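J.: Starting off with a structure, shown below.
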Amino acid sequence: MTTQSSAGIVERPTGTASEGFIPFRGFEPGVDTLDEINVGGVWARGAGALIESVNPATSEVFAKLHGATVDDVDVAVAAGLAAVEESGWARKLPHERAAVLHRIGSAIEANADRIAFLQTQDTGKTLKETRALAISAAATFRFTASALETMEDAVTPPRGDYLSISTYEHIGVVAAITPWNSPIASDAQKVAPALAAGNAVVIKPPVWAPWVSLLLARICDEAGLPSGLLSVLPGPGRTVGDALARHRDVGKVSFTGGTSTGRQLGRIAADKIMPITLELGGKSPTIIFSDADLDQAVAGVLYGIFSSSGQSCIAGSRVFIQRDIYDTVLARLVEGAKALRVGPGTDPGTRVAPLVAHAHRDSVEKMVEDARVAGAQILCGGARPAEPELQQGAYYLPTIIAGVANSDLICQEEIFGPVAVVLPFDDETDLLAQANDSVFGLACGIWTSDYRRAWRIARAVAAGTVWINTYKQFSIATPFSGIKESGLGTEKGRDGIRSYMRQKSIYVDLSGAPLPWAGA
Ligand code: NAD
């Protein structure tokens, strides 16, 4: 039975524990159906493995979900192709598709508190951060809608009596494979431009955080996105994600996640000769010169590594300090890290929330322990918090490590937790040699009052994004990409939509003049 709520939202019956799953706080009771996934526009309980969602702040299982199967991939992709044709989505005029995207953006914003709460339960992040992610996702849909309406094809300069046009067309079905660390924002970054381009999208959300993608699909339904254009298939990456990427009718994969997964998907793309966008890991340098505003720099470096509990691709996890201020600044960083409040994401005073899962906390802990055994100095953290009320959660204290060389494993591997390594440097040459000695090339922070020097380093450092006297600022209008093993291709920016399209050239004869062999 379904009924219409006062807000015009279709109410579906909610589940009970006796039906095999647990209603969870965060979805509005009576509005959202639990334990249903969207396969090709049809909401139903998945036939795949049970996914138990654990709140990492408490260890409580707060929701259960039956995921998708490999067979669902066929259904979702076929339905996506059919929906593109039957709804005429790709043939709609840009302003018509843009109108739907605007409505999705507004609906995300209207639901920002619910999205935030849900995401905080699922990932442990602070409510402040998850709300900001929801608002950013809304802005992504709106920006993409505006960009879509202003996109132009080109009439290119001809070399004869013909008209030559360079135009863009949709691809068909796009796979969006996403990580757990910023679910709604990374979904929006792919779904908005892919839909804008006229495609259907199949999201493969992360097992550790599937709920927000499902809520996004509900929102898209309510906003009038034609049914079947967006499917959400929660399930293991190595089965469901792999099958999706390999599917013959998936014309592009847009992936955000770890470098090793990205490499596997890149191989599949190579076999299929399929375009792929890869947003991967990082080990970003953040650099403090002696002439920097040290108050700003210390605060910025702490924020750059410890916000999101370090679970950020762009985390400034390698801190380089000029040697003459090394001891002083290191002491200030340690003092600052110790003062950061560790606690649940629901507490407004929390700076460092739990990690996404206990297993992930354990892997961060192991990497720090390995470094300790190898001789690194752990100047703060390097342990779980002692407070009794935090014992159940996946907490790890903000950790600063020194006494290491840039070539050490702890300075080369992405930890994806609240762990910074700190290294001294002598001059620009020494700095660049160390900073660029990494397989990654995602981001960089530079703290100095000398803007010429900032410019030199910004141009010479191997990174897709550089911040000067700031960190982790983002605009959807500014393209984002990683270099080296941090990624392939670009997201965001006005041209983000183009990466979900195929370019086509059309020549139109204008003169009727015979071709060279006519009448031969
Ligand atoms: P992950 O690579 O383990 O998983 C990402 C997604 O890929 C998940 O949905 C997962 O289920 C799926 N997947 C896993 N194996 C797969 C396979 N064989 N085939 C198809 N899909 C598969 O990454 P994660 O742990 O979820 O996320 C953390 C990583 O993401 C970090 O390395 C981080 O740096 C990176 N990241 C990068 C950016 C960026 O923009 N560059 C942004 C956020 C996160």
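Here, A, B, ... name the chains of the structure tokens in the order displayed, residue numbers run from 1 inside each chain, and ligands are numbered from 1 in the same displayed order.
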Please find the residues contacting ligand 1 at a distance of at most 8 Å between atoms, with only C-alpha atoms and all ligand atoms counted, and report them as a PyMOL selection string.
T.: chain A and resi 177-182+186+204-208+235-245+255-262+264-265+278-282+311-314+414+416+442+480-482+486-487
J.: Can you list, as a list of chain:residue names, every protein, DNA or RNA residue that comes within 8 Å of Leu340 of chain A when you count only C-alpha atoms, leaving out same-chain residues fewer than 5 positions away?
T.: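 Everything that qualifies: A:Thr350, A:Arg351, A:Val352, A:Pro398.
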J.: Put those residues in a file: C-alpha atoms, as a PDB file, in the first residue's frame.
T.:
```pdb
ATOM      1  CA  THR A 350      33.864  17.128  17.844  1.00  0.00           C
ATOM      2  CA  ARG A 351      36.796  17.816  15.555  1.00  0.00           C
ATOM      3  CA  VAL A 352      37.969  14.259  14.954  1.00  0.00           C
ATOM      4  CA  PRO A 398      45.237  12.405  15.780  1.00  0.00           C
TER       5      PRO A 398
END
```
J.: Where does segment 411-466 of chain A meet segment 286-308 of chain A within 10 Å, residue by residue, with the nearest atom pair and distance in Å to one decimal for each, counting only C-alpha atoms, listed by chain and rising number, as a tab-separated table?
T.:
```
residue	atom	partner	partner_atom	distance
A:Phe416	CA	A:Ile305	CA	9.6
A:Gly417	CA	A:Phe306	CA	8.0
A:Pro418	CA	A:Phe306	CA	5.2
A:Val419	CA	A:Ile305	CA	7.2
A:Ala420	CA	A:Ile305	CA	6.6
A:Val421	CA	A:Ile305	CA	10.0
A:Val422	CA	A:Thr286	CA	9.6
A:Leu423	CA	A:Ile287	CA	9.6
A:Pro424	CA	A:Ile288	CA	9.6
A:Phe425	CA	A:Phe289	CA	9.2
A:Asp426	CA	A:Phe289	CA	9.7
A:Asp427	CA	A:Phe289	CA	9.0
A:Glu428	CA	A:Phe289	CA	9.4
A:Leu431	CA	A:Ile287	CA	8.4
A:Ala435	CA	A:Thr286	CA	8.7
A:Ala443	CA	A:Thr286	CA	8.5
A:Cys444	CA	A:Thr286	CA	5.5
A:Gly445	CA	A:Thr286	CA	4.3
A:Ile446	CA	A:Ile287	CA	4.9
A:Trp447	CA	A:Ile288	CA	4.8
A:Thr448	CA	A:Ala292	CA	3.9
A:Ser449	CA	A:Ala292	CA	5.2
A:Asp450	CA	A:Asp291	CA	7.4
A:Arg453	CA	A:Phe289	CA	9.7
A:Ala454	CA	A:Phe289	CA	9.6
A:Ile457	CA	A:Ile287	CA	9.8
A:Val466	CA	A:Thr286	CA	9.5
```
J.: Write out as a list in words the set of residues from segment 34-99 of chain A that DSSP, computed on the backbone, places in alpha helix (DSSP H).
T.: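 Of segment 34-99 of chain A, only Val70, Asp71, Asp72, Val73, Asp74, Val75, Ala76, Val77, Ala78, Ala79, Gly80, Leu81, Ala82, Ala83, Val84, Glu85, Glu86, Pro94, His95, Glu96, Arg97, Ala98 and Ala99 of chain A fall in alpha helix (DSSP H).
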J.: Rounded to one decimal, what separation in Å do you get between atom CA of Ser407 of chain A and atom CA of Gly489 of chain A?
T.: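 Between atom CA of Ser407 of chain A and atom CA of Gly489 of chain A the gap works out to 27.6 Å.
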J.: Work out how far atom CA of Ser231 of chain A is from atom CA of Val75 of chain A, in Å to one decimal.
T.: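 Rounded to one decimal, the two atoms are 9.6 Å apart.
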J.: Which distance in Å separates atom CA of Thr470 of chain A and atom CA of Ser284 of chain A, to one decimal?
T.: 13.9 Å
J.: Which is closest to Trp43 of chain A among A:Gln121, A:Ser475, A:Ser59, A:Ser227, if we use only C-alpha atoms?
T.: A:Ser227
J.: From a DSSP calculation on the backbone, collect every residue of segment 129-286 of chain A in strand (DSSP E or B) and output the set as a count of residues only.
T.: 38
J.: Which of these residues is nearest to Val191 of chain A, using only C-alpha atoms: A:Arg91, A:Arg159, A:Lys492, A:Arg114?
T.: A:Lys492
J.: What's the 7 Å shell around Val232 of chain A, counting only C-alpha atoms, without same-chain residues fewer than 4 positions away, as a ChimeraX atom specification?
T.: /A:37-39,202-204,213-214
J.: From the options A:Leu488, A:Ala76, A:Ala339, A:Ala44, which residue's atoms come nearest to Leu397 of chain A, counting only C-alpha atoms?
T.: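 Ranking A:Leu488, A:Ala76, A:Ala339, A:Ala44 by distance to Leu397 of chain A, first place goes to A:Ala339.
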J.: Give me the residues within 12 Å of Ala359 of chain A as JSON, numbers by chain, counting only C-alpha atoms and dropping any in the same chain fewer than 6 places off.
T.: {"A": [54, 56, 59, 208, 365, 366, 393, 394, 395, 396]}
J.: Compare A:Ile219, A:Glu129, A:Asp187, A:Glu491 by their minimum atom-to-atom distance to Ala110 of chain A, counting only C-alpha atoms, and give me the closest one.
T.: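 Of A:Ile219, A:Glu129, A:Asp187, A:Glu491, the one nearest Ala110 of chain A is A:Ile219, counting only C-alpha atoms.
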J.: So which residues touch Pro344 of chain A within 9 Å, counting only C-alpha atoms, skipping near sequence neighbours fewer than 2 positions away, as number ranges by chain?
T.: A: 56-58, 124-126, 342, 346-348, 350, 352-354, 390, 393, 395
